[in-house]
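A.B. asks: Can you read through this structure? Questions will come right after.
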Amino acid sequence: MTSRDTGLTLNPKYDADGLLTAVCVDAATAAPLMVAHMNADALRLTIETGEATFWSRSRQAIWKKGETSGNVLRVVEVRIDCDQDALWVRCIPAGPACHTGADSCFFRRIEGDRLVPVA
């Protein structure tokens, strides 16, 4: 059996790019909303402001979810996994979480080799 970190010291294990994966879920329903990445600054801003803030890998910049759309994610709780390399962020969405306008980025289900809209 492998030992695991059970201590209470926050010590994030960022990947080679300095990022943690952040899985955001609806605080009321636990439905998945989106997956993004946080660097140390984004995690700090998320904790300080109570609004989900991420690192955009494509823009190479910090971005607050909803900064331009108004569809912010108000953070209720942030948990870190046993390896301290992934985050679970419980949020109250102020609108659609997906940039496509869907409530969740997970609006399609895989069936065989095709995608089917989730009702």
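Residues in the structure tokens are numbered from 1 in each chain, the chains being A, B, ... in the order shown, and ligands are numbered from 1 in the order shown.
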List the spatial neighbours of Gln60 (chain A) as a PyMOL selection string - criterion: any atom at most 12 Å away, only C-alpha atoms, same-chain residues fewer than 2 positions off excluded.
C.D. replies: chain A and resi 17-19+37-39+54-58+62-63
A.B. asks: Please provide as an MDAnalysis selection string all residues within 12 Å of Leu10 (chain A), with the sequence filter that same-chain residues fewer than 4 positions apart are discarded (counting only C-alpha atoms).
C.D. replies: chainID A and resid 5:6 40 43:44 78:85 87
A.B. asks: Can those selected residues be exported to a file as a compact mmCIF listing (two decimals), in the first residue's frame so that it contains all heavy atoms?
C.D. replies:
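Result file is result_8.txt:
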# COMPACT_ATOMS: atom_id res chain seq x y z
N ASP A 5 -0.57 11.48 1.48
CA ASP A 5 -0.49 12.68 2.29
C ASP A 5 -1.83 12.86 3.01
O ASP A 5 -2.86 13.01 2.37
CB ASP A 5 -0.22 13.88 1.38
CG ASP A 5 -0.18 15.19 2.13
OD1 ASP A 5 -0.29 15.20 3.37
OD2 ASP A 5 -0.04 16.22 1.46
N THR A 6 -1.81 12.80 4.31
CA THR A 6 -3.03 13.01 5.09
C THR A 6 -2.90 14.22 5.98
O THR A 6 -3.77 14.48 6.80
CB THR A 6 -3.36 11.77 5.94
OG1 THR A 6 -2.25 11.51 6.82
CG2 THR A 6 -3.64 10.55 5.07
N ALA A 40 -0.35 29.25 -9.36
CA ALA A 40 -0.36 29.70 -7.96
C ALA A 40 -1.12 31.02 -7.81
O ALA A 40 -1.87 31.20 -6.86
CB ALA A 40 1.07 29.83 -7.44
N LEU A 43 -4.95 30.38 -8.09
CA LEU A 43 -5.46 29.75 -6.88
C LEU A 43 -5.57 30.79 -5.76
O LEU A 43 -6.59 30.87 -5.07
CB LEU A 43 -4.56 28.59 -6.45
CG LEU A 43 -4.96 27.87 -5.16
CD1 LEU A 43 -6.38 27.33 -5.22
CD2 LEU A 43 -3.96 26.75 -4.85
N ARG A 44 -4.55 31.60 -5.61
CA ARG A 44 -4.57 32.66 -4.58
C ARG A 44 -5.73 33.63 -4.81
O ARG A 44 -6.49 33.94 -3.89
CB ARG A 44 -3.24 33.42 -4.58
CG ARG A 44 -3.18 34.56 -3.57
CD ARG A 44 -1.89 35.36 -3.67
NE ARG A 44 -1.57 35.82 -5.00
CZ ARG A 44 -2.15 36.86 -5.61
NH1 ARG A 44 -3.08 37.54 -5.00
NH2 ARG A 44 -1.79 37.20 -6.84
N VAL A 78 -13.23 25.02 -2.04
CA VAL A 78 -12.16 24.46 -2.86
C VAL A 78 -11.55 23.30 -2.08
O VAL A 78 -11.17 23.47 -0.92
CB VAL A 78 -11.06 25.50 -3.17
CG1 VAL A 78 -9.96 24.86 -4.02
CG2 VAL A 78 -11.64 26.72 -3.86
N ARG A 79 -11.49 22.16 -2.72
CA ARG A 79 -10.83 20.99 -2.12
C ARG A 79 -9.65 20.61 -2.99
O ARG A 79 -9.65 20.83 -4.20
CB ARG A 79 -11.78 19.80 -2.03
CG ARG A 79 -12.93 20.01 -1.08
CD ARG A 79 -13.70 18.73 -0.91
NE ARG A 79 -14.95 18.94 -0.18
CZ ARG A 79 -15.75 17.97 0.17
NH1 ARG A 79 -15.46 16.71 -0.13
NH2 ARG A 79 -16.87 18.23 0.84
N ILE A 80 -8.64 20.02 -2.35
CA ILE A 80 -7.47 19.52 -3.08
C ILE A 80 -7.39 18.02 -2.86
O ILE A 80 -7.76 17.53 -1.78
CB ILE A 80 -6.20 20.27 -2.62
CG1 ILE A 80 -5.06 20.07 -3.63
CG2 ILE A 80 -5.80 19.89 -1.20
CD1 ILE A 80 -3.95 21.09 -3.52
N ASP A 81 -6.97 17.29 -3.88
CA ASP A 81 -6.94 15.83 -3.76
C ASP A 81 -5.77 15.36 -2.90
O ASP A 81 -4.95 16.16 -2.46
CB ASP A 81 -6.94 15.17 -5.14
CG ASP A 81 -5.62 15.26 -5.86
OD1 ASP A 81 -4.81 16.16 -5.55
OD2 ASP A 81 -5.38 14.42 -6.75
N CYS A 82 -5.70 14.06 -2.69
CA CYS A 82 -4.71 13.47 -1.79
C CYS A 82 -3.27 13.70 -2.25
O CYS A 82 -2.37 13.76 -1.42
CB CYS A 82 -4.98 11.98 -1.61
SG CYS A 82 -4.93 11.05 -3.16
N ASP A 83 -3.06 13.86 -3.54
CA ASP A 83 -1.72 14.12 -4.06
C ASP A 83 -1.42 15.62 -4.14
O ASP A 83 -0.32 16.01 -4.52
CB ASP A 83 -1.55 13.52 -5.46
CG ASP A 83 -1.63 12.01 -5.45
OD1 ASP A 83 -1.11 11.40 -4.49
OD2 ASP A 83 -2.20 11.44 -6.39
N GLN A 84 -2.41 16.44 -3.86
CA GLN A 84 -2.33 17.89 -3.95
C GLN A 84 -1.93 18.36 -5.35
O GLN A 84 -1.20 19.33 -5.52
CB GLN A 84 -1.40 18.48 -2.88
CG GLN A 84 -1.94 18.26 -1.46
CD GLN A 84 -1.40 19.23 -0.45
OE1 GLN A 84 -1.22 20.40 -0.73
NE2 GLN A 84 -1.15 18.73 0.76
N ASP A 85 -2.47 17.64 -6.37
CA ASP A 85 -2.20 18.06 -7.74
C ASP A 85 -3.45 18.31 -8.57
O ASP A 85 -3.38 18.54 -9.78
CB ASP A 85 -1.29 17.05 -8.46
CG ASP A 85 -1.91 15.67 -8.60
OD1 ASP A 85 -3.05 15.44 -8.14
OD2 ASP A 85 -1.24 14.80 -9.18
N LEU A 87 -7.71 20.07 -8.15
CA LEU A 87 -8.67 20.79 -7.31
C LEU A 87 -10.10 20.45 -7.70
O LEU A 87 -10.40 20.21 -8.87
CB LEU A 87 -8.47 22.31 -7.50
CG LEU A 87 -7.09 22.84 -7.16
CD1 LEU A 87 -6.94 24.26 -7.68
CD2 LEU A 87 -6.84 22.77 -5.67
A.B. asks: With only C-alpha atoms as the counted atoms, please give the residues lying no more than 7 Å from Asn71 (chain A), apart from itself and same-chain residues fewer than 6 positions off, as a VMD selection string.
C.D. replies: chain A and resid 65 93 to 97
A.B. asks: Once you have the residues from the selection above, write them out as a compact mmCIF listing (two decimals), in the first residue's frame, restricted to all heavy atoms.
C.D. replies:
# COMPACT_ATOMS: atom_id res chain seq x y z
N LYS A 65 -13.27 33.80 -14.60
CA LYS A 65 -14.45 33.29 -15.30
C LYS A 65 -15.55 34.33 -15.20
O LYS A 65 -15.88 34.81 -14.13
CB LYS A 65 -14.89 31.96 -14.67
CG LYS A 65 -16.19 31.42 -15.22
CD LYS A 65 -16.03 30.98 -16.66
CE LYS A 65 -17.32 30.39 -17.17
NZ LYS A 65 -17.77 30.98 -18.40
N PRO A 93 -22.95 29.14 -10.15
CA PRO A 93 -22.79 29.84 -11.41
C PRO A 93 -23.79 30.99 -11.54
O PRO A 93 -24.95 30.87 -11.16
CB PRO A 93 -23.05 28.76 -12.46
CG PRO A 93 -23.87 27.73 -11.77
CD PRO A 93 -23.55 27.81 -10.31
N ALA A 94 -23.32 32.12 -12.09
CA ALA A 94 -24.18 33.28 -12.32
C ALA A 94 -24.75 33.27 -13.73
O ALA A 94 -25.31 34.26 -14.18
CB ALA A 94 -23.40 34.57 -12.08
N GLY A 95 -24.62 32.16 -14.40
CA GLY A 95 -25.10 32.01 -15.77
C GLY A 95 -24.44 30.80 -16.37
O GLY A 95 -23.85 29.99 -15.65
N PRO A 96 -24.52 30.65 -17.69
CA PRO A 96 -23.89 29.49 -18.33
C PRO A 96 -22.40 29.43 -18.02
O PRO A 96 -21.71 30.44 -18.03
CB PRO A 96 -24.12 29.75 -19.82
CG PRO A 96 -25.26 30.71 -19.89
CD PRO A 96 -25.18 31.54 -18.65
N ALA A 97 -21.92 28.23 -17.74
CA ALA A 97 -20.50 28.05 -17.44
C ALA A 97 -19.67 27.89 -18.72
O ALA A 97 -18.49 28.18 -18.72
CB ALA A 97 -20.30 26.83 -16.54
A.B. asks: Using backbone DSSP assignments, extract all helix (DSSP H, G or I) residues from chain A; output them as a VMD selection string.
C.D. replies: chain A and resid 40 to 49
A.B. asks: Kindly export the residues of the current selection with C-alpha atoms, as an mmCIF file, in the first residue's frame.
C.D. replies:
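That gives us out_27.cif:
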data_model
loop_
_atom_site.group_PDB
_atom_site.id
_atom_site.type_symbol
_atom_site.label_atom_id
_atom_site.label_comp_id
_atom_site.auth_asym_id
_atom_site.auth_seq_id
_atom_site.Cartn_x
_atom_site.Cartn_y
_atom_site.Cartn_z
ATOM 1 C CA ALA A 40 -0.360 29.703 -7.960
ATOM 2 C CA ASP A 41 -1.660 33.232 -8.674
ATOM 3 C CA ALA A 42 -5.018 31.964 -9.941
ATOM 4 C CA LEU A 43 -5.459 29.747 -6.876
ATOM 5 C CA ARG A 44 -4.569 32.659 -4.580
ATOM 6 C CA LEU A 45 -7.008 35.001 -6.371
ATOM 7 C CA THR A 46 -9.761 32.375 -6.271
ATOM 8 C CA ILE A 47 -9.333 31.981 -2.513
ATOM 9 C CA GLU A 48 -9.017 35.734 -1.858
ATOM 10 C CA THR A 49 -11.918 36.909 -4.054
#
A.B. asks: Considering only C-alpha atoms, state which residue in the set A:Ala16, A:Val76, A:Cys105, A:Ala119 is at the smallest distance from Ala36 (chain A).
C.D. replies: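 That would be A:Cys105, the residue with the smallest distance to Ala36 (chain A).
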A.B. asks: One decimal, in Å: what's the spacing between CA of Phe107 (chain A) and CA of Val23 (chain A)?
C.D. replies: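 For CA of Phe107 (chain A) relative to CA of Val23 (chain A), the distance reads 15.3 Å.
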A.B. asks: If we count only C-alpha atoms, what is near Leu33 (chain A) at a cut-off of 8 Å, once residues fewer than 2 positions away on the same chain are taken out, given as a PyMOL selection string?
C.D. replies: chain A and resi 23-26+31+35+97-98+103-106
A.B. asks: List every residue of chain A that DSSP, applied to the backbone of this structure, places in strand (DSSP E), and write the result as a ChimeraX atom specification.
C.D. replies: /A:20-26,32-38,53-56,61-64,73-80,86-93,108-111,114-117
